[in-house]
$ cat upload.tsv   # TSV, C-alpha atoms
chain	number	residue	atom	x	y	z
A	3	MET	CA	132.90	-4.82	37.50
A	4	PRO	CA	136.72	-4.90	37.54
A	5	GLU	CA	138.22	-7.95	35.87
A	6	SER	CA	140.70	-10.38	37.33
A	7	ASN	CA	144.22	-9.84	36.00
A	8	HIS	CA	144.54	-13.53	35.24
A	9	LEU	CA	147.81	-14.26	33.44
A	10	PRO	CA	149.36	-17.49	32.09
A	11	LEU	CA	150.22	-19.79	34.96
A	12	GLY	CA	153.78	-21.03	35.25
A	13	TRP	CA	152.90	-24.51	36.51
A	14	LEU	CA	151.00	-25.26	33.30
A	15	LYS	CA	154.19	-25.30	31.21
A	16	GLY	CA	154.86	-28.97	31.88
A	17	ASP	CA	158.60	-28.41	32.16
A	18	GLY	CA	159.15	-29.70	35.71
A	19	PRO	CA	160.48	-33.09	36.86
A	20	GLU	CA	158.15	-36.02	36.15
A	21	ALA	CA	155.77	-33.62	34.39
A	22	LEU	CA	154.29	-36.39	32.23
A	23	LEU	CA	152.62	-37.92	35.28
A	24	VAL	CA	152.66	-35.04	37.80
A	25	LEU	CA	150.70	-32.01	36.69
A	26	SER	CA	151.83	-29.81	39.57
A	27	SER	CA	153.38	-29.54	43.01
A	28	ARG	CA	151.66	-27.29	45.53
A	29	LEU	CA	152.77	-26.16	48.96
A	30	ARG	CA	150.47	-24.20	51.23
A	31	ILE	CA	150.99	-22.89	54.74
A	32	ALA	CA	148.38	-21.43	57.06
A	33	ARG	CA	149.13	-18.39	59.22
A	34	ASN	CA	147.07	-16.02	61.38
A	35	LEU	CA	147.73	-12.62	62.91
A	36	GLU	CA	147.79	-11.99	66.63
A	37	GLY	CA	144.87	-10.06	68.07
A	38	TYR	CA	142.28	-10.97	65.43
A	39	ALA	CA	139.52	-13.58	65.36
A	40	PHE	CA	139.77	-16.24	62.67
A	41	PRO	CA	138.12	-15.15	59.40
A	42	HIS	CA	134.85	-17.04	59.98
A	43	ARG	CA	134.39	-15.11	63.26
A	44	ALA	CA	135.92	-11.80	62.21
A	45	SER	CA	133.81	-8.84	61.15
A	46	GLU	CA	134.00	-7.45	57.63
A	47	VAL	CA	135.84	-4.42	59.03
A	48	ALA	CA	138.43	-6.66	60.69
A	49	ARG	CA	138.88	-8.75	57.53
A	50	LYS	CA	139.50	-5.61	55.48
A	51	GLU	CA	142.01	-4.40	58.06
A	52	ILE	CA	143.84	-7.73	57.89
A	53	ARG	CA	143.79	-7.64	54.10
A	54	GLY	CA	145.32	-4.19	54.14
A	55	LYS	CA	148.09	-5.24	56.51
A	56	VAL	CA	148.99	-8.28	54.40
A	57	ALA	CA	149.04	-6.22	51.19
A	58	GLU	CA	151.20	-3.55	52.84
A	59	ALA	CA	153.63	-6.20	54.06
A	60	GLY	CA	153.94	-7.45	50.51
A	61	LYS	CA	154.76	-3.95	49.28
A	62	GLN	CA	157.35	-3.34	51.99
A	63	GLU	CA	159.26	-6.59	51.45
A	64	ARG	CA	161.88	-5.85	48.80
A	65	SER	CA	163.18	-9.43	48.63
A	66	LEU	CA	160.00	-10.63	46.91
A	67	LYS	CA	158.80	-10.23	43.35
A	68	PRO	CA	156.00	-7.65	43.08
A	69	MET	CA	152.63	-9.05	44.07
A	70	GLU	CA	149.26	-7.61	43.09
A	71	LEU	CA	146.30	-7.43	45.44
A	72	ILE	CA	142.92	-8.58	44.15
A	73	GLU	CA	139.97	-7.63	46.35
A	74	LEU	CA	137.48	-10.43	45.79
A	75	GLU	CA	134.33	-8.40	46.42
A	76	LYS	CA	135.29	-6.17	43.47
A	77	LEU	CA	135.33	-9.10	41.04
A	78	SER	CA	132.37	-10.55	39.21
A	79	LEU	CA	131.24	-14.03	40.20
A	80	LEU	CA	132.68	-15.31	36.91
A	81	ASP	CA	136.12	-13.87	37.65
A	82	ARG	CA	136.07	-15.42	41.10
A	83	GLN	CA	135.15	-18.79	39.59
A	84	VAL	CA	138.07	-18.50	37.17
A	85	LEU	CA	140.42	-18.05	40.13
A	86	VAL	CA	139.02	-21.26	41.64
A	87	GLU	CA	139.55	-23.20	38.41
A	88	ASP	CA	143.11	-21.86	38.24
A	89	TYR	CA	143.83	-23.16	41.77
A	90	LEU	CA	144.56	-19.66	43.06
A	91	VAL	CA	141.66	-19.60	45.52
A	92	SER	CA	139.33	-22.21	47.00
A	93	PRO	CA	135.56	-22.53	46.48
A	94	HIS	CA	135.14	-21.63	50.17
A	95	HIS	CA	137.16	-18.44	49.68
A	96	ILE	CA	134.73	-16.94	47.15
A	97	GLN	CA	131.45	-17.80	48.86
A	98	ASP	CA	131.43	-14.57	50.88
A	99	PRO	CA	134.02	-12.33	49.18
A	100	SER	CA	133.67	-9.28	51.44
A	101	GLY	CA	136.98	-8.39	53.07
A	102	ARG	CA	138.74	-11.28	51.36
A	103	GLY	CA	141.52	-11.09	48.81
A	104	LEU	CA	144.30	-12.65	46.78
A	105	LEU	CA	147.88	-11.46	46.62
A	106	GLU	CA	149.63	-13.00	43.63
A	107	GLN	CA	152.76	-12.93	41.53
A	108	PRO	CA	152.16	-12.49	37.79
A	109	ASP	CA	152.72	-16.15	36.86
A	110	GLY	CA	150.89	-17.58	39.86
A	111	THR	CA	153.98	-19.32	41.26
A	112	VAL	CA	153.45	-17.60	44.62
A	113	SER	CA	150.08	-16.40	45.86
A	114	ILE	CA	148.37	-15.69	49.17
A	115	MET	CA	144.72	-16.25	49.92
A	116	ILE	CA	143.73	-13.59	52.44
A	117	ASN	CA	140.96	-14.37	54.92
A	118	GLU	CA	140.09	-17.81	53.62
A	119	GLU	CA	139.90	-20.29	56.52
A	120	ASP	CA	142.94	-18.51	57.98
A	121	HIS	CA	144.16	-14.93	57.65
A	122	LEU	CA	146.93	-16.02	55.27
A	123	ARG	CA	147.17	-19.11	53.10
A	124	LEU	CA	150.57	-18.77	51.44
A	125	GLN	CA	150.93	-20.95	48.34
A	126	CYS	CA	153.61	-22.02	45.87
A	127	PHE	CA	152.81	-23.86	42.63
A	128	LEU	CA	155.43	-25.48	40.39
A	129	SER	CA	155.29	-27.74	37.38
A	130	GLY	CA	155.89	-31.46	37.92
A	131	LEU	CA	157.30	-33.06	41.05
A	132	ASP	CA	159.32	-30.26	42.62
A	133	LEU	CA	158.23	-30.06	46.25
A	134	GLU	CA	161.71	-29.40	47.65
A	135	LYS	CA	162.20	-26.37	45.41
A	136	GLY	CA	158.68	-25.22	46.17
A	137	TRP	CA	159.29	-25.39	49.91
A	138	SER	CA	162.50	-23.38	49.54
A	139	ILE	CA	160.56	-20.66	47.72
A	140	LEU	CA	157.59	-20.67	50.09
A	141	ASN	CA	159.73	-20.74	53.23
A	142	ALA	CA	161.48	-17.56	52.07
A	143	VAL	CA	158.12	-15.92	51.38
A	144	ASP	CA	156.82	-16.94	54.80
A	145	ASP	CA	159.92	-15.54	56.53
A	146	ALA	CA	159.55	-12.29	54.60
A	147	PHE	CA	155.95	-11.77	55.68
A	148	GLU	CA	156.66	-12.84	59.26
A	149	SER	CA	159.25	-10.07	59.48
A	150	HIS	CA	156.42	-7.56	58.95
A	151	LEU	CA	153.41	-9.29	60.54
A	152	PRO	CA	152.87	-10.65	64.08
A	153	TYR	CA	151.95	-14.32	63.54
A	154	ALA	CA	149.89	-16.10	66.19
A	155	PHE	CA	152.19	-18.80	67.62
A	156	HIS	CA	152.14	-21.15	70.62
A	157	GLU	CA	155.26	-22.86	71.95
A	158	GLN	CA	153.51	-26.23	72.26
A	159	TRP	CA	151.08	-26.17	69.34
A	160	GLY	CA	153.08	-24.16	66.83
A	161	TYR	CA	151.31	-21.76	64.47
A	162	LEU	CA	147.71	-21.26	65.60
A	163	VAL	CA	145.18	-21.98	62.87
A	164	ALA	CA	141.44	-22.35	62.43
A	165	CYS	CA	141.46	-26.10	61.70
A	166	PRO	CA	143.16	-28.51	64.14
A	167	THR	CA	144.56	-30.64	61.29
A	168	ASN	CA	146.73	-27.66	60.30
A	169	LEU	CA	148.26	-27.13	63.75
A	170	GLY	CA	152.02	-27.19	64.11
A	171	THR	CA	153.76	-26.29	60.89
A	172	GLY	CA	150.53	-25.36	59.10
A	173	LEU	CA	152.06	-26.94	55.99
A	174	ARG	CA	150.19	-28.91	53.35
A	175	ALA	CA	152.33	-30.40	50.57
A	176	SER	CA	150.52	-31.94	47.62
A	177	THR	CA	151.02	-33.24	44.12
A	178	LEU	CA	148.44	-33.60	41.35
A	179	LEU	CA	148.98	-36.90	39.54
A	180	HIS	CA	147.55	-38.45	36.37
A	181	LEU	CA	146.83	-42.12	37.18
A	182	PRO	CA	144.70	-43.62	34.39
A	183	ALA	CA	146.30	-47.08	34.37
A	184	LEU	CA	145.84	-47.63	38.11
A	185	THR	CA	142.25	-46.46	37.69
A	186	PHE	CA	141.57	-48.84	34.78
A	187	LEU	CA	143.02	-51.76	36.74
A	188	GLN	CA	140.76	-50.82	39.70
A	189	ALA	CA	143.81	-50.45	41.93
A	190	MET	CA	142.97	-46.99	43.28
A	191	PRO	CA	140.76	-48.04	46.25
A	192	SER	CA	143.51	-50.29	47.61
A	193	LEU	CA	146.18	-47.66	46.96
A	194	ILE	CA	144.15	-44.94	48.67
A	195	HIS	CA	143.61	-47.17	51.70
A	196	SER	CA	147.34	-47.95	51.92
A	197	LEU	CA	148.27	-44.28	51.66
A	198	ASN	CA	145.75	-43.34	54.34
A	199	GLN	CA	147.48	-45.77	56.68
A	200	LEU	CA	150.71	-43.83	56.03
A	201	GLY	CA	149.14	-40.48	56.91
A	202	ILE	CA	148.67	-39.49	53.26
A	203	VAL	CA	145.29	-38.43	51.88
A	204	VAL	CA	144.09	-38.73	48.29
A	205	ARG	CA	141.53	-36.24	47.01
A	206	GLY	CA	139.97	-35.20	43.73
A	207	PHE	CA	141.02	-32.75	41.04
A	208	TYR	CA	140.35	-29.65	43.15
A	209	GLY	CA	141.35	-31.10	46.51
A	210	GLU	CA	139.22	-31.47	49.62
A	211	GLY	CA	135.58	-32.32	48.98
A	212	THR	CA	136.05	-33.02	45.26
A	213	VAL	CA	136.12	-36.22	43.23
A	214	SER	CA	138.63	-37.41	40.66
A	215	GLN	CA	138.13	-36.05	37.16
A	216	GLY	CA	140.06	-37.32	34.17
A	217	HIS	CA	141.93	-39.81	36.39
A	218	PHE	CA	143.68	-36.99	38.24
A	219	TYR	CA	144.27	-37.34	41.98
A	220	GLN	CA	145.72	-34.99	44.58
A	221	VAL	CA	148.10	-36.60	47.11
A	222	SER	CA	148.98	-34.71	50.31
A	223	ASN	CA	149.93	-35.05	53.98
A	224	ALA	CA	147.04	-35.51	56.40
A	225	LEU	CA	148.51	-33.72	59.44
A	226	SER	CA	151.04	-30.95	59.95
A	227	LEU	CA	151.70	-31.32	63.69
A	228	GLY	CA	154.76	-33.29	64.77
A	229	PRO	CA	157.07	-33.66	61.76
A	230	THR	CA	159.14	-30.74	60.50
A	231	GLU	CA	158.36	-29.00	57.25
A	232	GLU	CA	161.28	-30.76	55.61
A	233	ASP	CA	159.97	-34.13	56.83
A	234	ILE	CA	156.53	-33.43	55.38
A	235	VAL	CA	157.95	-32.38	52.01
A	236	SER	CA	160.28	-35.38	51.89
A	237	ARG	CA	157.49	-37.80	52.79
A	238	VAL	CA	154.98	-36.53	50.22
A	239	SER	CA	157.71	-36.43	47.57
A	240	SER	CA	158.76	-40.01	48.38
A	241	VAL	CA	155.18	-41.29	48.34
A	242	THR	CA	154.56	-39.53	45.03
A	243	ARG	CA	157.57	-41.27	43.51
A	244	GLN	CA	156.26	-44.63	44.73
A	245	VAL	CA	152.87	-43.92	43.16
A	246	ILE	CA	154.58	-42.92	39.91
A	247	THR	CA	156.40	-46.26	39.89
A	248	GLN	CA	153.13	-48.13	40.41
A	249	GLU	CA	151.42	-46.17	37.63
A	250	LEU	CA	154.25	-46.89	35.18
A	251	GLN	CA	154.10	-50.59	36.06
A	252	ALA	CA	150.34	-50.54	35.54
A	253	ARG	CA	150.81	-48.91	32.13
A	254	ASP	CA	153.30	-51.58	31.12
A	255	ARG	CA	150.80	-54.22	32.15
A	256	LEU	CA	147.99	-52.59	30.19
A	257	VAL	CA	150.11	-52.37	27.04
A	258	LYS	CA	151.23	-56.00	27.34
A	259	GLU	CA	147.84	-57.46	28.19
A	260	GLN	CA	145.33	-55.09	26.54
A	261	ARG	CA	147.19	-53.15	23.86
A	262	PRO	CA	144.40	-53.33	21.20
A	263	LEU	CA	141.89	-52.01	23.73
A	264	ILE	CA	144.19	-49.18	24.88
A	265	GLU	CA	144.98	-48.22	21.28
A	266	ASP	CA	141.29	-48.18	20.42
A	267	ARG	CA	140.25	-46.14	23.46
A	268	THR	CA	143.03	-43.55	23.13
A	269	TRP	CA	142.57	-43.10	19.39
A	270	ARG	CA	138.79	-42.78	19.82
A	271	ALA	CA	139.29	-40.15	22.53
A	272	PHE	CA	141.74	-38.18	20.40
A	273	ALA	CA	139.44	-38.36	17.38
A	274	ILE	CA	136.46	-37.10	19.37
A	275	LEU	CA	138.42	-34.14	20.74
A	276	LYS	CA	139.58	-33.22	17.23
A	277	SER	CA	136.17	-33.55	15.58
A	278	ALA	CA	133.34	-33.09	18.09
A	279	HIS	CA	131.05	-30.08	17.72
A	280	ILE	CA	129.41	-30.47	21.12
A	281	ILE	CA	131.19	-31.79	24.21
A	282	ASN	CA	130.51	-31.33	27.91
A	283	SER	CA	133.07	-30.74	30.65
A	284	PHE	CA	133.08	-34.29	32.03
A	285	GLU	CA	133.43	-35.90	28.60
A	286	ALA	CA	136.23	-33.51	27.65
A	287	MET	CA	138.19	-34.37	30.79
A	288	GLU	CA	137.82	-38.12	30.21
A	289	HIS	CA	138.95	-37.85	26.59
A	290	LEU	CA	141.83	-35.52	27.48
A	291	SER	CA	142.99	-38.03	30.07
A	292	LEU	CA	142.98	-40.85	27.51
A	293	THR	CA	144.71	-38.62	24.98
A	294	ARG	CA	147.39	-37.76	27.51
A	295	LEU	CA	147.89	-41.47	28.18
A	296	GLY	CA	148.04	-42.32	24.48
A	297	VAL	CA	150.61	-39.61	23.81
A	298	GLN	CA	152.81	-40.72	26.70
A	299	LEU	CA	152.64	-44.37	25.59
A	300	GLY	CA	153.69	-43.42	22.08
A	301	ILE	CA	150.38	-44.60	20.63
A	302	LEU	CA	149.18	-41.14	19.57
A	303	PRO	CA	151.07	-38.40	17.72
A	304	PRO	CA	153.19	-36.22	20.06
A	305	VAL	CA	151.32	-33.37	21.75
A	306	PRO	CA	153.32	-31.05	24.06
A	307	VAL	CA	152.49	-31.74	27.70
A	308	GLY	CA	152.21	-27.99	28.30
A	309	LEU	CA	149.48	-27.77	25.67
A	310	LEU	CA	147.59	-30.67	27.23
A	311	ASN	CA	147.81	-28.96	30.63
A	312	GLU	CA	146.54	-25.68	29.22
A	313	VAL	CA	143.69	-27.38	27.39
A	314	ILE	CA	142.54	-29.09	30.60
A	315	LEU	CA	142.27	-25.72	32.33
A	316	MET	CA	140.80	-23.76	29.42
A	317	THR	CA	137.95	-26.23	28.91
A	318	ARG	CA	136.64	-25.64	32.42
A	319	PRO	CA	133.30	-23.76	32.44
A	320	ALA	CA	134.40	-20.42	33.93
A	321	ASN	CA	137.56	-20.19	31.84
A	322	LEU	CA	135.55	-20.83	28.69
A	323	GLN	CA	133.11	-18.06	29.56
A	324	LYS	CA	135.85	-15.65	30.60
A	325	HIS	CA	138.37	-16.06	27.80
A	326	PHE	CA	136.02	-16.70	24.87
A	327	GLY	CA	133.05	-14.55	25.83
A	328	VAL	CA	130.69	-17.54	26.06
A	329	GLU	CA	127.26	-16.94	27.55
A	330	PRO	CA	126.55	-18.71	30.87
A	331	ASP	CA	124.52	-21.41	29.16
A	332	PRO	CA	125.65	-25.07	29.39
A	333	GLY	CA	124.63	-25.84	25.81
A	334	LYS	CA	126.56	-22.90	24.38
A	335	ARG	CA	129.56	-23.74	26.57
A	336	ASP	CA	129.57	-27.27	25.16
A	337	ILE	CA	129.68	-25.90	21.62
A	338	ALA	CA	132.43	-23.39	22.50
A	339	ARG	CA	134.43	-26.11	24.26
A	340	ALA	CA	134.32	-28.31	21.17
A	341	ASN	CA	135.37	-25.40	18.93
A	342	TYR	CA	138.30	-24.62	21.20
A	343	LEU	CA	139.43	-28.25	21.33
A	344	ARG	CA	139.33	-28.65	17.56
A	345	ASN	CA	141.51	-25.59	17.11
A	346	ALA	CA	143.90	-26.33	19.99
A	347	LEU	CA	144.53	-29.91	18.87
A	348	ALA	CA	144.74	-29.25	15.15
A	349	ILE	CA	148.32	-30.51	15.06

$ encode --input "upload.tsv" --output "structure tokens"
Amino acid sequence: MPESNHLPLGWLKGDGPEALLVLSSRLRIARNLEGYAFPHRASEVARKEIRGKVAEAGKQERSLKPMELIELEKLSLLDRQVLVEDYLVSPHHIQDPSGRGLLEQPDGTVSIMINEEDHLRLQCFLSGLDLEKGWSILNAVDDAFESHLPYAFHEQWGYLVACPTNLGTGLRASTLLHLPALTFLQAMPSLIHSLNQLGIVVRGFYGEGTVSQGHFYQVSNALSLGPTEEDIVSRVSSVTRQVITQELQARDRLVKEQRPLIEDRTWRAFAILKSAHIINSFEAMEHLSLTRLGVQLGILPPVPVGLLNEVILMTRPANLQKHFGVEPDPGKRDIARANYLRNALAI
């Protein structure tokens, strides 16, 4: 089976604004081509035809960095799962890979899911809180592809898409935040409720249908019909900054009121990561979250945020199997994960 050409992802570097609390900014827009049924109703022949047209448009557009086409049905299940863990495709996208694909730049900053829920899901990923820059990049990419492809558009409803919540602009702007203090203080349920009232949704580590892992939460707009793209980006960015402020205040409170407990928990987590010989995925994420908190509070020795980001991704099951040749056995993965963590954090 051909292998995925997975390369280091730019958003993992941890060099963007507010990167200590915001792992990444993601912008995604949904588009469909005129004259074709949505992917869930389209035949395999039609999906392959659409995939070919999108790939050809990418080749013809000279204003864009080169993008490589990955045909999902030619990848092993493991390689497809790695793409999910790397945020390049969704779990739904790989369930039936026939006629589906991914068009991506080498560092993953810009990618396009082909024939996921819509014919095109154009994406931009950046480190930290950088939604405005991300929208500038993605808007240019969208314009470039629209100059080659006939998008389905309605004067009243905007860009026509498979899911009604994506009508209008088709834009979803999201940030992935690390919120351990708000979680410890049991403030997340109230915060999530308040954000929902503002038209903002809070999801888990991998977005819709997932739960929080390692105190990471994805914040995004609920609807894309009505406000402009710039309004959506501005709103999600503003809300993210407000959440950052609340998290920092919660951290200050924890340090003032429970410093011995926080010191104990973060040092224990760091020690386990540096010495464990068997560790499962859930435990690793929890300890990495506490380690990240301890580093940022100045309790633990400094660890580069880019390294912490990379470690979070590389300890996921598919990445472990792919990059270290681990057999698809949970017990052996747990041993390999512990070996990797001891080496990565031997600083």

$ atom_distance --input "upload.tsv" --atom1 "CA of Trp269 in chain A" --atom2 "CA of Gly300 in chain A"
11.4 Å

$ residues_around --input "upload.tsv" --residues "Glu73 in chain A" --least-positions-apart "6" --cutoff "7 Å" --atoms "all atoms listed in the file" --output "number ranges by chain"
A: 102-104

$ axis_aligned_box --input "upload.tsv" --around "range 250-255 of chain A" --padding-each-side "3 Å" --output "JSON"
{"center_x": 152.3, "center_y": -50.6, "center_z": 33.6, "size_x": 9.9, "size_y": 13.3, "size_z": 10.9}

$ closest_residue --input "upload.tsv" --among "A:Ala320, A:Leu131, A:Ile281, A:Val221" --to "Leu85 in chain A" --atoms "all atoms listed in the file"
A:Ala320

$ atom_distance --input "upload.tsv" --atom1 "CA of Arg30 in chain A" --atom2 "CA of His150 in chain A"
19.3 Å

$ closest_residue --input "upload.tsv" --among "A:Glu106, A:Trp13, A:Pro68, A:Trp159" --to "Gly228 in chain A" --atoms "all atoms listed in the file"
A:Trp159

$ atom_distance --input "upload.tsv" --atom1 "CA of Ala348 in chain A" --atom2 "CA of Glu249 in chain A"
28.9 Å

$ residues_around --input "upload.tsv" --residues "Ala154 in chain A" --least-positions-apart "4" --cutoff "6 Å" --atoms "only C-alpha atoms" --output "mmCIF file with C-alpha atoms, keeping the file's coordinate frame"
data_model
loop_
_atom_site.group_PDB
_atom_site.id
_atom_site.type_symbol
_atom_site.label_atom_id
_atom_site.label_comp_id
_atom_site.auth_asym_id
_atom_site.auth_seq_id
_atom_site.Cartn_x
_atom_site.Cartn_y
_atom_site.Cartn_z
ATOM 1 C CA ASN A 34 147.070 -16.020 61.380
ATOM 2 C CA LEU A 35 147.730 -12.620 62.910
ATOM 3 C CA GLU A 36 147.790 -11.990 66.630
ATOM 4 C CA LEU A 162 147.710 -21.260 65.600
#

$ closest_residue --input "upload.tsv" --among "A:Leu250, A:Gly216, A:Arg339, A:Asn223" --to "Leu275 in chain A" --atoms "only C-alpha atoms"
A:Arg339

$ closest_atom_pairs --input "upload.tsv" --of "range 228-259 of chain A" --to "range 136-149 of chain A" --cutoff "12 Å" --atoms "only C-alpha atoms" --output "Markdown table"
| residue | atom | partner | partner_atom | distance |
| --- | --- | --- | --- | --- |
| A:Thr230 | CA | A:Trp137 | CA | 11.9 |
| A:Glu231 | CA | A:Trp137 | CA | 8.2 |
| A:Glu232 | CA | A:Trp137 | CA | 8.1 |
| A:Asp233 | CA | A:Trp137 | CA | 11.2 |
| A:Ile234 | CA | A:Trp137 | CA | 10.1 |
| A:Val235 | CA | A:Trp137 | CA | 7.4 |
| A:Ser236 | CA | A:Trp137 | CA | 10.2 |
| A:Val238 | CA | A:Trp137 | CA | 11.9 |
| A:Ser239 | CA | A:Gly136 | CA | 11.3 |

$ closest_residue --input "upload.tsv" --among "A:Arg335, A:His180, A:Arg28, A:Arg318" --to "Glu87 in chain A" --atoms "only C-alpha atoms"
A:Arg318

$ residues_around --input "upload.tsv" --residues "Ala273 in chain A" --least-positions-apart "4" --cutoff "12 Å" --atoms "all atoms listed in the file" --output "PyMOL selection string"
chain A and resi 265-269+277-279+286+289-290+292-293+296+302-303+340+343-344+347-348

$ closest_residue --input "upload.tsv" --among "A:Lys55, A:Leu25, A:Leu169, A:Ser196" --to "Leu128 in chain A" --atoms "only C-alpha atoms"
A:Leu25

$ residues_around --input "upload.tsv" --residues "Lys76 in chain A" --least-positions-apart "2" --cutoff "12 Å" --atoms "only C-alpha atoms" --output "PyMOL selection string"
chain A and resi 3-6+71-74+78-82+96+98-104

$ closest_residue --input "upload.tsv" --among "A:Ile280, A:Ala224, A:Val203, A:Leu299" --to "Gly333 in chain A" --atoms "all atoms listed in the file"
A:Ile280

$ decode --input "upload.tsv" --residues "range 149-221 of chain A" --atoms "C-alpha atoms" --output "PDB file, in the first residue's frame"
ATOM      1  CA  SER A 149     -11.463  31.007 -10.591  1.00  0.00           C
ATOM      2  CA  HIS A 150     -11.132  27.455 -11.958  1.00  0.00           C
ATOM      3  CA  LEU A 151     -14.188  25.680 -10.523  1.00  0.00           C
ATOM      4  CA  PRO A 152     -17.926  26.489 -10.778  1.00  0.00           C
ATOM      5  CA  TYR A 153     -19.077  26.759  -7.147  1.00  0.00           C
ATOM      6  CA  ALA A 154     -22.729  26.119  -6.326  1.00  0.00           C
ATOM      7  CA  PHE A 155     -24.100  29.464  -5.084  1.00  0.00           C
ATOM      8  CA  HIS A 156     -27.538  30.932  -4.338  1.00  0.00           C
ATOM      9  CA  GLU A 157     -28.178  34.670  -4.087  1.00  0.00           C
ATOM     10  CA  GLN A 158     -30.256  34.287  -0.916  1.00  0.00           C
ATOM     11  CA  TRP A 159     -28.571  31.353   0.823  1.00  0.00           C
ATOM     12  CA  GLY A 160     -24.985  31.898  -0.243  1.00  0.00           C
ATOM     13  CA  TYR A 161     -22.732  28.914  -0.925  1.00  0.00           C
ATOM     14  CA  LEU A 162     -24.814  25.740  -1.108  1.00  0.00           C
ATOM     15  CA  VAL A 163     -23.608  23.030   1.251  1.00  0.00           C
ATOM     16  CA  ALA A 164     -24.696  19.642   2.541  1.00  0.00           C
ATOM     17  CA  CYS A 165     -25.369  20.749   6.137  1.00  0.00           C
ATOM     18  CA  PRO A 166     -27.729  23.696   6.810  1.00  0.00           C
ATOM     19  CA  THR A 167     -25.503  25.008   9.636  1.00  0.00           C
ATOM     20  CA  ASN A 168     -22.831  25.745   7.013  1.00  0.00           C
ATOM     21  CA  LEU A 169     -25.082  27.776   4.717  1.00  0.00           C
ATOM     22  CA  GLY A 170     -24.067  31.310   3.825  1.00  0.00           C
ATOM     23  CA  THR A 171     -20.347  31.822   4.092  1.00  0.00           C
ATOM     24  CA  GLY A 172     -19.625  28.144   4.746  1.00  0.00           C
ATOM     25  CA  LEU A 173     -16.948  29.323   7.179  1.00  0.00           C
ATOM     26  CA  ARG A 174     -16.019  27.660  10.455  1.00  0.00           C
ATOM     27  CA  ALA A 175     -13.376  29.444  12.528  1.00  0.00           C
ATOM     28  CA  SER A 176     -12.010  27.609  15.555  1.00  0.00           C
ATOM     29  CA  THR A 177      -9.258  27.673  18.129  1.00  0.00           C
ATOM     30  CA  LEU A 178      -7.910  24.783  20.203  1.00  0.00           C
ATOM     31  CA  LEU A 179      -7.314  25.956  23.762  1.00  0.00           C
ATOM     32  CA  HIS A 180      -5.622  24.426  26.812  1.00  0.00           C
ATOM     33  CA  LEU A 181      -7.876  25.199  29.811  1.00  0.00           C
ATOM     34  CA  PRO A 182      -6.742  23.100  32.795  1.00  0.00           C
ATOM     35  CA  ALA A 183      -7.379  25.722  35.494  1.00  0.00           C
ATOM     36  CA  LEU A 184     -10.970  26.378  34.422  1.00  0.00           C
ATOM     37  CA  THR A 185     -11.473  22.614  34.337  1.00  0.00           C
ATOM     38  CA  PHE A 186     -10.033  22.102  37.835  1.00  0.00           C
ATOM     39  CA  LEU A 187     -12.242  24.876  39.217  1.00  0.00           C
ATOM     40  CA  GLN A 188     -15.281  23.208  37.562  1.00  0.00           C
ATOM     41  CA  ALA A 189     -15.987  26.393  35.623  1.00  0.00           C
ATOM     42  CA  MET A 190     -16.241  24.789  32.177  1.00  0.00           C
ATOM     43  CA  PRO A 191     -19.968  23.834  32.247  1.00  0.00           C
ATOM     44  CA  SER A 192     -20.955  27.420  33.046  1.00  0.00           C
ATOM     45  CA  LEU A 193     -18.518  28.808  30.470  1.00  0.00           C
ATOM     46  CA  ILE A 194     -19.762  26.452  27.763  1.00  0.00           C
ATOM     47  CA  HIS A 195     -23.367  27.439  28.494  1.00  0.00           C
ATOM     48  CA  SER A 196     -22.497  31.148  28.296  1.00  0.00           C
ATOM     49  CA  LEU A 197     -20.643  30.698  25.019  1.00  0.00           C
ATOM     50  CA  ASN A 198     -23.535  28.719  23.539  1.00  0.00           C
ATOM     51  CA  GLN A 199     -25.795  31.676  24.274  1.00  0.00           C
ATOM     52  CA  LEU A 200     -23.405  33.804  22.187  1.00  0.00           C
ATOM     53  CA  GLY A 201     -23.541  31.454  19.201  1.00  0.00           C
ATOM     54  CA  ILE A 202     -20.209  29.823  20.044  1.00  0.00           C
ATOM     55  CA  VAL A 203     -19.845  26.060  20.434  1.00  0.00           C
ATOM     56  CA  VAL A 204     -17.276  24.211  22.526  1.00  0.00           C
ATOM     57  CA  ARG A 205     -16.200  20.737  21.449  1.00  0.00           C
ATOM     58  CA  GLY A 206     -13.550  18.182  22.307  1.00  0.00           C
ATOM     59  CA  PHE A 207      -9.991  17.667  21.134  1.00  0.00           C
ATOM     60  CA  TYR A 208     -10.962  16.514  17.643  1.00  0.00           C
ATOM     61  CA  GLY A 209     -14.027  18.718  17.215  1.00  0.00           C
ATOM     62  CA  GLU A 210     -17.609  17.642  16.615  1.00  0.00           C
ATOM     63  CA  GLY A 211     -18.654  14.465  18.393  1.00  0.00           C
ATOM     64  CA  THR A 212     -15.512  14.237  20.546  1.00  0.00           C
ATOM     65  CA  VAL A 213     -14.857  14.903  24.224  1.00  0.00           C
ATOM     66  CA  SER A 214     -12.154  16.973  25.868  1.00  0.00           C
ATOM     67  CA  GLN A 215      -8.822  15.228  26.332  1.00  0.00           C
ATOM     68  CA  GLY A 216      -5.999  16.695  28.355  1.00  0.00           C
ATOM     69  CA  HIS A 217      -8.124  19.767  29.169  1.00  0.00           C
ATOM     70  CA  PHE A 218      -8.110  20.856  25.516  1.00  0.00           C
ATOM     71  CA  TYR A 219     -11.260  22.403  24.056  1.00  0.00           C
ATOM     72  CA  GLN A 220     -12.163  23.551  20.552  1.00  0.00           C
ATOM     73  CA  VAL A 221     -14.067  26.858  20.349  1.00  0.00           C
TER      74      VAL A 221
END
